[in-house]
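The structure file query-v2.csv is reproduced below (CSV, C-alpha atoms).
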```
chain,number,residue,atom,x,y,z
A,247,MET,CA,-2.0,-19.4,-25.3
A,248,ASN,CA,1.7,-20.3,-25.6
A,249,LYS,CA,3.8,-21.5,-22.8
A,250,SER,CA,5.5,-18.2,-21.9
A,251,TYR,CA,2.1,-16.4,-21.6
A,252,LYS,CA,0.8,-19.2,-19.3
A,253,ILE,CA,3.9,-18.9,-17.1
A,254,LEU,CA,3.6,-15.1,-17.0
A,255,ALA,CA,-0.1,-15.4,-16.1
A,256,LEU,CA,0.6,-17.9,-13.3
A,257,LEU,CA,3.4,-15.8,-11.9
A,258,SER,CA,1.1,-12.7,-11.9
A,259,LEU,CA,-1.6,-14.6,-10.1
A,260,LEU,CA,0.9,-15.9,-7.6
A,261,ILE,CA,2.2,-12.5,-6.9
A,262,PHE,CA,-1.3,-11.1,-6.5
A,263,LEU,CA,-2.3,-13.9,-4.1
A,264,ILE,CA,0.8,-13.5,-2.0
A,265,GLY,CA,0.0,-9.8,-1.7
A,266,CYS,CA,-3.6,-10.2,-0.7
A,267,LYS,CA,-4.6,-10.1,2.9
A,268,ASN,CA,-7.4,-12.3,4.1
A,269,GLN,CA,-10.3,-10.9,6.1
A,270,GLN,CA,-8.9,-12.1,9.4
A,271,ASP,CA,-5.5,-10.5,8.8
A,272,ILE,CA,-7.3,-7.2,8.1
A,273,GLU,CA,-9.4,-7.4,11.2
A,274,ASP,CA,-6.4,-8.3,13.3
A,275,GLU,CA,-4.6,-5.3,11.9
A,276,ILE,CA,-7.5,-3.0,12.8
A,277,ILE,CA,-8.0,-4.2,16.3
A,278,THR,CA,-4.3,-3.8,17.1
A,279,SER,CA,-4.3,-0.3,15.5
A,280,ASN,CA,-4.1,2.9,17.6
A,281,ASP,CA,-7.2,4.3,16.0
A,282,PHE,CA,-9.3,1.3,17.1
A,283,LYS,CA,-7.8,1.3,20.6
A,284,VAL,CA,-8.5,5.0,21.0
A,285,ALA,CA,-12.0,4.7,19.5
A,286,GLN,CA,-13.0,1.9,21.9
A,287,GLU,CA,-11.5,3.5,25.0
A,288,ALA,CA,-13.1,6.8,24.1
A,289,TYR,CA,-16.5,5.2,23.6
A,290,PHE,CA,-16.4,3.3,26.9
A,291,ASN,CA,-15.3,6.5,28.7
A,292,GLY,CA,-18.2,8.4,27.2
A,293,ASP,CA,-16.1,10.6,24.8
A,294,TYR,CA,-18.2,9.8,21.8
A,295,GLN,CA,-16.8,12.6,19.6
A,296,LEU,CA,-13.3,11.2,19.9
A,297,SER,CA,-14.6,7.7,19.3
A,298,ILE,CA,-16.4,8.9,16.2
A,299,LYS,CA,-13.3,10.6,14.9
A,300,HIS,CA,-11.2,7.5,15.2
A,301,TYR,CA,-13.9,5.2,13.8
A,302,SER,CA,-14.2,7.6,10.9
A,303,SER,CA,-10.5,7.3,10.3
A,304,LEU,CA,-10.8,3.6,10.2
A,305,ILE,CA,-13.7,3.7,7.8
A,306,LYS,CA,-11.7,5.9,5.5
A,307,ASP,CA,-9.0,3.2,5.4
A,308,TYR,CA,-11.4,0.2,5.5
A,309,PRO,CA,-14.7,1.3,3.9
A,310,ASP,CA,-16.0,-2.3,3.3
A,311,LEU,CA,-16.1,-3.4,7.0
A,312,ASP,CA,-19.7,-3.2,8.2
A,313,TRP,CA,-18.9,-3.5,11.9
A,314,LEU,CA,-16.9,-0.2,11.8
A,315,TYR,CA,-20.0,1.6,10.6
A,316,MET,CA,-22.1,-0.2,13.3
A,317,ASN,CA,-19.6,0.9,16.0
A,318,ARG,CA,-19.6,4.5,14.7
A,319,GLY,CA,-23.4,4.4,14.6
A,320,ASP,CA,-23.5,3.4,18.2
A,321,ALA,CA,-21.2,6.3,19.1
A,322,TYR,CA,-23.3,8.7,17.1
A,323,SER,CA,-26.5,7.4,18.8
A,324,ASP,CA,-25.0,7.6,22.3
A,325,ASN,CA,-23.8,11.1,21.5
A,326,GLY,CA,-27.4,12.1,20.6
A,327,ASP,CA,-26.8,12.4,16.8
A,328,VAL,CA,-29.6,9.9,15.8
A,329,ASP,CA,-29.7,11.1,12.2
A,330,ARG,CA,-26.0,10.2,11.6
A,331,ALA,CA,-26.4,6.9,13.5
A,332,ILE,CA,-29.3,6.0,11.3
A,333,LYS,CA,-27.2,6.8,8.2
A,334,ASP,CA,-24.5,4.4,9.4
A,335,TYR,CA,-27.0,1.6,10.2
A,336,ASP,CA,-28.9,2.1,7.0
A,337,PHE,CA,-25.6,1.9,5.0
A,338,VAL,CA,-25.0,-1.5,6.5
A,339,ILE,CA,-28.6,-2.7,6.0
A,340,ASN,CA,-28.7,-1.5,2.4
A,341,LYS,CA,-25.3,-3.0,1.6
A,342,ASN,CA,-26.1,-6.4,3.0
A,343,GLY,CA,-29.9,-6.7,2.6
A,344,LYS,CA,-32.4,-6.4,5.4
A,345,ASP,CA,-32.0,-10.0,6.5
A,346,LYS,CA,-28.2,-9.7,7.0
A,347,GLY,CA,-28.1,-6.2,8.5
```
Could you rewrite the structure in this file as C-alpha cells?
Amino acid sequence: MNKSYKILALLSLLIFLIGCKNQQDIEDEIITSNDFKVAQEAYFNGDYQLSIKHYSSLIKDYPDLDWLYMNRGDAYSDNGDVDRAIKDYDFVINKNGKDKG
C-alpha cells in the first residue's frame, strides 16, 4: 500500500470514528427525547396504548436497544396484551441468549 492510500485510509477511519456515537450518547439522546418522556409518563399514568405508541417509535429509530423492547413489553403486559408482551420479551431473550435476557 503506498503512502497516499494509507493516508486516505486513516482519514476515512478518523472521519468514521468522529461520526460514531457511543452507547451512552445514544441512551442519553433517547432519555431526553420527547418520545421517551411521553412513553414513561403515559406508562406511569396507566395510558399503556400511548406508551406503546411512543416506545414503538423509539424502537423504529433504535432497533438494537433491548431495554426499549422490555419497556414496551411491560406496557403491553399491563395493557392485557400478553401475546405481544411475550413477543417483545422473547425477542430480547433470543437476541441475547437465555442467560443474558
### Message
Neighbouring residues of range 289-297 of chain A were defined as those with any atom within 8 Å, considering only C-alpha atoms; residues of the same chain fewer than 4 positions away were excluded. Please report them as JSON, numbers by chain.
### Response
{"A": [284, 285, 301, 318, 321, 322, 324, 325]}
### Task
Calculate how many Å separate CA of Ile276 in chain A from CA of Ile332 in chain A, rounding to one decimal.
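CA of Ile332 in chain A lies at a distance of 23.6 Å from CA of Ile276 in chain A.
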### Message
So the first atom is CA of Asn340 in chain A and the second is CA of Gln269 in chain A; what is the distance between them in Å, to one decimal place?
### Response
21.0 Å
### Message
I'd like the interatomic distance between CA of Ser303 in chain A and CA of Tyr315 in chain A, to a tenth of an Å.
### Response
11.1 Å
### Query
So, counting only C-alpha atoms, which residue among A:Asp329, A:Glu275, A:Asn342, A:Glu287 is closest to Asp310 in chain A?
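For Asp310 in chain A, the nearest of the given residues is A:Asn342.
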### Message
Nearest residue to Lys283 in chain A out of A:Val338, A:Leu311, A:Val328, A:Leu304, using only C-alpha atoms?
### Response
A:Leu304
#### Entry: For Asp312 in chain A, the nearest of the candidates A:Ile339, A:Ile298, A:Ala331, A:Ala288, counting only C-alpha atoms
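The closest residue to Asp312 in chain A is A:Ile339.
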### Query
Of the residues A:Lys333, A:Asp320, A:Asn268, A:Asp281, which is the one nearest to Asp307 in chain A, using only C-alpha atoms?
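Going through A:Lys333, A:Asp320, A:Asn268, A:Asp281 one by one, the smallest distance to Asp307 in chain A is for A:Asp281.
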Please rebuild range 267-279 of chain A with N, CA, C and O atoms and return the result as a PDB file, in the coordinates of the input.
```pdb
ATOM      1  N   LYS A 267      -4.358  -9.815   1.547  1.00  0.00           N
ATOM      2  CA  LYS A 267      -4.600 -10.100   2.900  1.00  0.00           C
ATOM      3  C   LYS A 267      -5.970 -10.759   3.064  1.00  0.00           C
ATOM      4  O   LYS A 267      -6.905 -10.327   2.401  1.00  0.00           O
ATOM      5  N   ASN A 268      -6.089 -11.735   3.917  1.00  0.00           N
ATOM      6  CA  ASN A 268      -7.400 -12.300   4.100  1.00  0.00           C
ATOM      7  C   ASN A 268      -8.167 -11.440   5.140  1.00  0.00           C
ATOM      8  O   ASN A 268      -7.597 -10.573   5.795  1.00  0.00           O
ATOM      9  N   GLN A 269      -9.440 -11.697   5.266  1.00  0.00           N
ATOM     10  CA  GLN A 269     -10.300 -10.900   6.100  1.00  0.00           C
ATOM     11  C   GLN A 269      -9.817 -10.896   7.586  1.00  0.00           C
ATOM     12  O   GLN A 269      -9.807  -9.875   8.251  1.00  0.00           O
ATOM     13  N   GLN A 270      -9.380 -12.051   8.061  1.00  0.00           N
ATOM     14  CA  GLN A 270      -8.900 -12.100   9.400  1.00  0.00           C
ATOM     15  C   GLN A 270      -7.668 -11.298   9.657  1.00  0.00           C
ATOM     16  O   GLN A 270      -7.523 -10.641  10.688  1.00  0.00           O
ATOM     17  N   ASP A 271      -6.755 -11.299   8.693  1.00  0.00           N
ATOM     18  CA  ASP A 271      -5.500 -10.500   8.800  1.00  0.00           C
ATOM     19  C   ASP A 271      -5.900  -8.992   8.885  1.00  0.00           C
ATOM     20  O   ASP A 271      -5.314  -8.250   9.664  1.00  0.00           O
ATOM     21  N   ILE A 272      -6.863  -8.583   8.085  1.00  0.00           N
ATOM     22  CA  ILE A 272      -7.300  -7.200   8.100  1.00  0.00           C
ATOM     23  C   ILE A 272      -7.910  -6.812   9.423  1.00  0.00           C
ATOM     24  O   ILE A 272      -7.592  -5.778  10.001  1.00  0.00           O
ATOM     25  N   GLU A 273      -8.787  -7.674   9.920  1.00  0.00           N
ATOM     26  CA  GLU A 273      -9.400  -7.400  11.200  1.00  0.00           C
ATOM     27  C   GLU A 273      -8.423  -7.383  12.344  1.00  0.00           C
ATOM     28  O   GLU A 273      -8.514  -6.551  13.243  1.00  0.00           O
ATOM     29  N   ASP A 274      -7.451  -8.289  12.294  1.00  0.00           N
ATOM     30  CA  ASP A 274      -6.400  -8.300  13.300  1.00  0.00           C
ATOM     31  C   ASP A 274      -5.588  -7.000  13.258  1.00  0.00           C
ATOM     32  O   ASP A 274      -5.225  -6.439  14.293  1.00  0.00           O
ATOM     33  N   GLU A 275      -5.329  -6.534  12.047  1.00  0.00           N
ATOM     34  CA  GLU A 275      -4.600  -5.300  11.900  1.00  0.00           C
ATOM     35  C   GLU A 275      -5.376  -4.104  12.456  1.00  0.00           C
ATOM     36  O   GLU A 275      -4.803  -3.233  13.105  1.00  0.00           O
ATOM     37  N   ILE A 276      -6.682  -4.124  12.257  1.00  0.00           N
ATOM     38  CA  ILE A 276      -7.500  -3.000  12.800  1.00  0.00           C
ATOM     39  C   ILE A 276      -7.566  -3.043  14.290  1.00  0.00           C
ATOM     40  O   ILE A 276      -7.356  -2.007  14.920  1.00  0.00           O
ATOM     41  N   ILE A 277      -7.839  -4.195  14.881  1.00  0.00           N
ATOM     42  CA  ILE A 277      -8.000  -4.200  16.300  1.00  0.00           C
ATOM     43  C   ILE A 277      -6.742  -3.989  17.107  1.00  0.00           C
ATOM     44  O   ILE A 277      -6.786  -3.708  18.298  1.00  0.00           O
ATOM     45  N   THR A 278      -5.615  -4.085  16.438  1.00  0.00           N
ATOM     46  CA  THR A 278      -4.300  -3.800  17.100  1.00  0.00           C
ATOM     47  C   THR A 278      -3.879  -2.347  16.770  1.00  0.00           C
ATOM     48  O   THR A 278      -2.862  -1.904  17.286  1.00  0.00           O
ATOM     49  N   SER A 279      -4.656  -1.636  15.935  1.00  0.00           N
ATOM     50  CA  SER A 279      -4.300  -0.300  15.500  1.00  0.00           C
ATOM     51  C   SER A 279      -4.562   0.727  16.651  1.00  0.00           C
ATOM     52  O   SER A 279      -5.443   0.513  17.496  1.00  0.00           O
TER      53      SER A 279
END
```
